[in-house]
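Structure first, commentary second.
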Amino acid sequence: TPHLARSSAGTLTLDGLPLADLARRFGTPLYVYSQAAMLDALAAYQRALAGRPHQICYAMKANSNLAVLQTIARAGCGFDIVSGGELARVLAAGGDPSRVVFSGVGKTAAEMAQALRAGVRCFNVESVSELDRLSAVAAAEGAIAPVSLRVNPDVDAGTHPYISTGLRENKFGIAHDQALAAYRHAASLPGLQVVGIDCHIGSQITQVEPYLDALDRLLDLVEAVERDGIAIHHVDVGGGLGIRYVDESPPAADHLVGLLLQRLDARGHGHREVMMEPGRSLVGNAGVLLTEVQYLKPGDAKSFCIVDAAMNDLMRPAMYEAWMAIEPCVSRSTPPQRWDVVGPVCESGDWLGRDRSFAVEPGDVLAVLSAGAYGMAMASNYNTRPRAAEVMIVDGAPVLVREREQAQALFSGEKLLA
Ligand code: LLP
């Protein structure tokens with residue numbers, strides 16, 4: 001069942017609720033999420049992994065609203081975190097720290113200690129010097145840190161260079177040809193216990209092959225490491241599965257997982273616990289950003305549709321030239337025109353969509369689709385713009401899950417000089 005739909009009268013709805021009504025009631029810019037859509041997306045992974053030892057760790061950087069985390073935690077899922085701040089959010093949302101993996105190239109000693117005290121399941125370590133630091137921090141805490149090495153499998157995920165992470169030239173992970181030595185080093189350190197291996201090759205991946213190639217490279221290493229007498233319990237294949245923004249056709253999550261499990265079985269690794277770190281594919285298509293049209297500025301070269309959402313609310317178009325669908329929440333019967341949809345921020349890069357065709361008048365509400373991932377999570381306060389409010393539709397009713405930010409709150413920590 002599609003969560004986003006347009007009625008025969010031309011009204012865009014999410015889980016049956018007209019989006020224009022939500023914009024009027026809660027104001028704009030406004031993020032709206034369908035809880036049911038998130039749970040559906042998660043269920044596809046869970047279905048495919050059922051009956052296998054597994055742990056899904058939602059990469060919460062995609063959308064870290066507490067109600068989103070709570071929804072996902074209650075569905076039995078863990079979290080992939082990349083900062084002490086994200087760990088604090090997991091705990092505030094009632095998430096289980098023993099289902100948390102801690103990723104990221106730059107963990108500080110304080111973050112390591114915080115995670116050890118909370119009892120996270122695993123540290124995904126990205127360099128040899130991080131191994132040394134983690135061992136020292138664990139020893140000082142009187143703890144043993146469970147570690148997995150994030151290996152860079154050097155496969156091309158075929159995605160945007162800014163969100164591709166599995167190539168040799170990326171800053172992420174430990175190079176495949178140095179991984180065995182790194183495992184030996186990890187096993188020799190007193191504060192560490194090797195528990196797994198992981199990789200993450202990029203984001204918005206729309207093909208199966210890069211995953212299978214990466215898995216093969218990982219399993220080659222598992223075999224080499226275990227020949228050395230170091231046991232590896234789990235294999236974490238990372239996240240990265242893409243969603244449809246325009247005409248992409250990524251594999252369905254259950255299809256992808258099925259193929260990965262087949263490959264594990266075929267290579268004799270079917271007994272291993274499988275871990276995954278999906279972000280975008282759980283929440284991306286579950287959310288929209290609503291924005292009200294302020295002004296129309298028709299011109300010879302370009303016509304501008306100026307809206308009240310901007311690059312600070314939704315950075316993806318400005319940052320990656322990402323294409324995100326934009327649709328009127330109530331369609332008009334007048335002929336469509338071409339518009340560049342732009343925000344009020346003082347940057348030429350402040351656009352949400354270019355050369356979009358629709359009929360629109362000031363006061364209309366537009367929806368930017370597939371904005372549930374890396375939307376609010378990447379929002380900033382540039383131009384001293386308070387961040388948008390967030391609403392989650394739960395059992396057919398809208399719930400305000402984040403209040404609209406107030407301007408005063410943005411400078412409340414600042415000090416005037418004496
Ligand atoms: N695991 C690790 C270690 C990651 O770095 C990421 C995302 C994920 C999992 C989840 O990837 P996903 O399933 O969401 O693709 N801001 C960019 C995307 C950056 C992704 C960063 N890492 C965008 O808006 O497209």
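Letters A, B, ... go to the chains of the structure tokens in the order shown; residues in each chain start at 1; ligands are counted from 1 in the same order.
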
Do a neighbour search on region 241-254 of chain A at 6 Å with only C-alpha atoms, toss out local chain neighbours closer than 2 positions, and write the hits as number ranges by chain. A: 44-45, 48, 204-206, 256-258, 281, 324

Output of the above residues as a tab-separated table (two decimals), in the first residue's frame, restricted to N, CA and C atoms:
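The result, stored in part-v8.tsv:
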chain	number	residue	atom	x	y	z
A	44	ALA	N	10.66	-5.28	5.59
A	44	ALA	CA	11.24	-5.98	4.43
A	44	ALA	C	12.58	-6.60	4.81
A	45	TYR	N	13.40	-5.86	5.56
A	45	TYR	CA	14.68	-6.41	6.03
A	45	TYR	C	14.43	-7.56	7.00
A	48	ALA	N	13.31	-10.87	5.47
A	48	ALA	CA	14.37	-11.59	4.76
A	48	ALA	C	15.40	-12.19	5.73
A	204	GLN	N	22.98	5.34	-1.31
A	204	GLN	CA	22.12	5.45	-2.50
A	204	GLN	C	22.62	4.50	-3.59
A	205	ILE	N	22.91	3.26	-3.17
A	205	ILE	CA	23.36	2.22	-4.10
A	205	ILE	C	22.13	1.58	-4.73
A	206	THR	N	22.17	1.44	-6.05
A	206	THR	CA	20.98	0.94	-6.74
A	206	THR	C	21.22	-0.41	-7.42
A	256	LEU	N	17.66	-8.04	-1.95
A	256	LEU	CA	19.10	-7.86	-1.69
A	256	LEU	C	19.57	-8.79	-0.57
A	257	VAL	N	18.83	-8.79	0.52
A	257	VAL	CA	19.23	-9.61	1.67
A	257	VAL	C	19.23	-11.08	1.28
A	258	GLY	N	18.22	-11.49	0.52
A	258	GLY	CA	18.15	-12.89	0.08
A	258	GLY	C	19.42	-13.29	-0.68
A	281	SER	N	17.20	3.77	3.41
A	281	SER	CA	16.15	2.89	2.90
A	281	SER	C	15.06	2.63	3.94
A	324	MET	N	15.30	15.96	-6.07
A	324	MET	CA	14.21	15.49	-5.22
A	324	MET	C	12.90	15.98	-5.83

Contacts of ligand 1, 9 Å or closer, only C-alpha atoms and all ligand atoms, given as a PDB file with C-alpha atoms, in the first residue's frame:
ATOM      1  CA  CYS A  57      21.318  -1.434  13.244  1.00  0.00           C
ATOM      2  CA  TYR A  58      19.495   1.605  11.882  1.00  0.00           C
ATOM      3  CA  ALA A  59      22.074   4.190  10.750  1.00  0.00           C
ATOM      4  CA  MET A  60      20.439   6.961  12.728  1.00  0.00           C
ATOM      5  CA  LYS A  61      22.384   9.741  11.048  1.00  0.00           C
ATOM      6  CA  ALA A  62      19.692   9.552   8.364  1.00  0.00           C
ATOM      7  CA  ASP A  80      24.521   2.408  14.102  1.00  0.00           C
ATOM      8  CA  ILE A  81      25.873   5.542  15.782  1.00  0.00           C
ATOM      9  CA  VAL A  82      28.719   7.859  14.832  1.00  0.00           C
ATOM     10  CA  PHE A 102      29.673   2.601  16.976  1.00  0.00           C
ATOM     11  CA  SER A 103      31.055   3.629  13.554  1.00  0.00           C
ATOM     12  CA  GLY A 104      33.101   6.604  12.397  1.00  0.00           C
ATOM     13  CA  ASN A 124      33.528  -0.536  14.164  1.00  0.00           C
ATOM     14  CA  ARG A 150      35.776  -1.713   9.038  1.00  0.00           C
ATOM     15  CA  HIS A 160      27.786   9.968  -6.145  1.00  0.00           C
ATOM     16  CA  TYR A 162      30.516  12.513  -2.110  1.00  0.00           C
ATOM     17  CA  ILE A 163      28.591   9.543  -0.713  1.00  0.00           C
ATOM     18  CA  SER A 164      30.755   6.712  -2.036  1.00  0.00           C
ATOM     19  CA  THR A 165      32.949   5.283   0.696  1.00  0.00           C
ATOM     20  CA  PHE A 172      36.939   5.306   5.412  1.00  0.00           C
ATOM     21  CA  ASP A 198      32.326  -4.836   8.636  1.00  0.00           C
ATOM     22  CA  CYS A 199      32.249  -2.633   5.596  1.00  0.00           C
ATOM     23  CA  HIS A 200      30.118   0.144   4.186  1.00  0.00           C
ATOM     24  CA  ILE A 201      30.681   0.888   0.542  1.00  0.00           C
ATOM     25  CA  GLY A 202      28.549   3.943  -0.039  1.00  0.00           C
ATOM     26  CA  SER A 203      25.054   5.327  -0.077  1.00  0.00           C
ATOM     27  CA  GLN A 204      22.120   5.455  -2.496  1.00  0.00           C
ATOM     28  CA  ILE A 205      23.361   2.216  -4.096  1.00  0.00           C
ATOM     29  CA  VAL A 237      27.614  -5.586   5.378  1.00  0.00           C
ATOM     30  CA  GLY A 238      26.873  -1.934   6.207  1.00  0.00           C
ATOM     31  CA  GLY A 239      24.066   0.157   4.798  1.00  0.00           C
ATOM     32  CA  GLY A 240      23.708   2.104   1.607  1.00  0.00           C
ATOM     33  CA  LEU A 241      20.693   0.650  -0.167  1.00  0.00           C
ATOM     34  CA  GLY A 242      19.159   3.366  -2.336  1.00  0.00           C
ATOM     35  CA  MET A 276      23.247  -4.519   8.505  1.00  0.00           C
ATOM     36  CA  GLU A 277      23.274  -0.742   8.905  1.00  0.00           C
ATOM     37  CA  PRO A 278      20.501   0.655   6.699  1.00  0.00           C
ATOM     38  CA  GLY A 279      19.694   4.338   7.008  1.00  0.00           C
ATOM     39  CA  ARG A 280      18.077   5.996   4.004  1.00  0.00           C
ATOM     40  CA  SER A 281      16.150   2.890   2.905  1.00  0.00           C
ATOM     41  CA  LEU A 282      14.274   2.756   6.233  1.00  0.00           C
ATOM     42  CA  VAL A 283      13.168   6.379   6.426  1.00  0.00           C
ATOM     43  CA  GLY A 284      13.792   8.198   3.135  1.00  0.00           C
ATOM     44  CA  MET A 315      20.772  20.532   2.160  1.00  0.00           C
ATOM     45  CA  ARG A 316      20.846  17.656  -0.352  1.00  0.00           C
ATOM     46  CA  PRO A 317      20.132  19.671  -3.518  1.00  0.00           C
ATOM     47  CA  MET A 319      25.313  19.929  -1.455  1.00  0.00           C
ATOM     48  CA  TYR A 320      25.069  17.090  -4.002  1.00  0.00           C
ATOM     49  CA  ALA A 322      20.488  15.904  -5.561  1.00  0.00           C
ATOM     50  CA  ALA A 373      16.428  10.711   5.196  1.00  0.00           C
ATOM     51  CA  TYR A 374      19.255  13.257   5.453  1.00  0.00           C
ATOM     52  CA  GLY A 375      16.707  16.073   5.532  1.00  0.00           C
ATOM     53  CA  ALA A 377      19.222  15.433  10.181  1.00  0.00           C
ATOM     54  CA  MET A 378      21.420  17.742   8.077  1.00  0.00           C
TER      55      MET A 378
END

Distance criterion (only C-alpha atoms): nearest to Val235 (chain A) out of A:Gln55, A:Ser64, A:Leu49, A:Leu131: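 The answer is A:Gln55, which sits nearest to Val235 (chain A).
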
Shell of 9 Å around region 110-118 of chain A, only C-alpha atoms, local chain residues under 5 positions omitted, as a PDB file with N, CA and C atoms, in the first residue's frame:
ATOM      1  N   SER A  83      28.544   9.124  16.920  1.00  0.00           N
ATOM      2  CA  SER A  83      29.003  10.155  17.857  1.00  0.00           C
ATOM      3  C   SER A  83      28.421   9.880  19.234  1.00  0.00           C
ATOM      4  N   GLY A  84      29.028  10.526  20.228  1.00  0.00           N
ATOM      5  CA  GLY A  84      28.477  10.448  21.572  1.00  0.00           C
ATOM      6  C   GLY A  84      27.084  11.062  21.636  1.00  0.00           C
ATOM      7  N   GLY A  85      26.865  12.070  20.824  1.00  0.00           N
ATOM      8  CA  GLY A  85      25.541  12.693  20.769  1.00  0.00           C
ATOM      9  C   GLY A  85      24.488  11.714  20.289  1.00  0.00           C
ATOM     10  N   LEU A  87      24.627   8.510  20.609  1.00  0.00           N
ATOM     11  CA  LEU A  87      24.409   7.537  21.696  1.00  0.00           C
ATOM     12  C   LEU A  87      23.438   8.111  22.726  1.00  0.00           C
ATOM     13  N   LEU A  91      19.737   6.481  23.959  1.00  0.00           N
ATOM     14  CA  LEU A  91      19.339   6.227  25.345  1.00  0.00           C
ATOM     15  C   LEU A  91      18.076   7.027  25.684  1.00  0.00           C
ATOM     16  N   PRO A  97      21.355  -0.169  24.374  1.00  0.00           N
ATOM     17  CA  PRO A  97      22.761   0.026  23.990  1.00  0.00           C
ATOM     18  C   PRO A  97      23.450  -1.265  23.578  1.00  0.00           C
ATOM     19  N   SER A  98      22.958  -2.398  24.044  1.00  0.00           N
ATOM     20  CA  SER A  98      23.622  -3.652  23.654  1.00  0.00           C
ATOM     21  C   SER A  98      23.293  -4.020  22.214  1.00  0.00           C
ATOM     22  N   PHE A 102      29.126   1.246  16.992  1.00  0.00           N
ATOM     23  CA  PHE A 102      29.673   2.601  16.976  1.00  0.00           C
ATOM     24  C   PHE A 102      30.642   2.707  15.802  1.00  0.00           C
ATOM     25  N   PHE A 123      32.425  -1.803  18.548  1.00  0.00           N
ATOM     26  CA  PHE A 123      33.054  -0.637  17.923  1.00  0.00           C
ATOM     27  C   PHE A 123      33.499  -1.031  16.523  1.00  0.00           C
ATOM     28  N   ARG A 133      44.174   3.386  20.609  1.00  0.00           N
ATOM     29  CA  ARG A 133      43.489   4.279  21.551  1.00  0.00           C
ATOM     30  C   ARG A 133      42.355   3.552  22.262  1.00  0.00           C
ATOM     31  N   LEU A 134      41.583   2.788  21.501  1.00  0.00           N
ATOM     32  CA  LEU A 134      40.441   2.094  22.105  1.00  0.00           C
ATOM     33  C   LEU A 134      40.913   1.110  23.167  1.00  0.00           C
ATOM     34  N   VAL A 137      41.823   3.112  26.256  1.00  0.00           N
ATOM     35  CA  VAL A 137      40.638   3.638  26.948  1.00  0.00           C
ATOM     36  C   VAL A 137      39.921   2.511  27.677  1.00  0.00           C
ATOM     37  N   ALA A 138      39.808   1.360  27.012  1.00  0.00           N
ATOM     38  CA  ALA A 138      39.119   0.224  27.640  1.00  0.00           C
ATOM     39  C   ALA A 138      39.883  -0.217  28.888  1.00  0.00           C
ATOM     40  N   ALA A 140      41.789   1.526  30.805  1.00  0.00           N
ATOM     41  CA  ALA A 140      41.588   2.530  31.854  1.00  0.00           C
ATOM     42  C   ALA A 140      40.194   2.420  32.468  1.00  0.00           C
ATOM     43  N   GLU A 141      39.228   1.966  31.690  1.00  0.00           N
ATOM     44  CA  GLU A 141      37.857   1.801  32.190  1.00  0.00           C
ATOM     45  C   GLU A 141      37.670   0.450  32.870  1.00  0.00           C
ATOM     46  N   ALA A 143      37.590  -2.314  31.213  1.00  0.00           N
ATOM     47  CA  ALA A 143      36.648  -3.001  30.324  1.00  0.00           C
ATOM     48  C   ALA A 143      37.391  -3.640  29.160  1.00  0.00           C
ATOM     49  N   ILE A 144      36.701  -4.511  28.465  1.00  0.00           N
ATOM     50  CA  ILE A 144      37.213  -5.061  27.215  1.00  0.00           C
ATOM     51  C   ILE A 144      36.294  -4.535  26.118  1.00  0.00           C
ATOM     52  N   ALA A 145      36.875  -3.900  25.105  1.00  0.00           N
ATOM     53  CA  ALA A 145      36.051  -3.339  24.029  1.00  0.00           C
ATOM     54  C   ALA A 145      35.869  -4.368  22.915  1.00  0.00           C
TER      55      ALA A 145
END

Find the residues around region 359-365 of chain A up to 7 Å (only C-alpha atoms counted), leave out those fewer than 4 positions away in its own chain, and share them as number ranges by chain. A: 20, 290-296, 328-329, 332, 334-337

Which residue out of A:Ala397, A:Leu180, A:Ala318, A:Val101 has the minimum interatomic distance to Val120 (chain A) when only C-alpha atoms are used?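 Of all the options, A:Val101 lies closest to Val120 (chain A).
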
May I ask which of the residues A:Gly343, A:Val100, A:Leu221, A:Cys122 is the closest one to Pro153 (chain A), counting only C-alpha atoms?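 Selected residue with least distance to Pro153 (chain A): A:Leu221.
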
Rank nothing, just name the residue among A:Val195, A:Ala310, A:Met376, A:Ala371 nearest to Ser348 (chain A), using only C-alpha atoms. A:Ala310
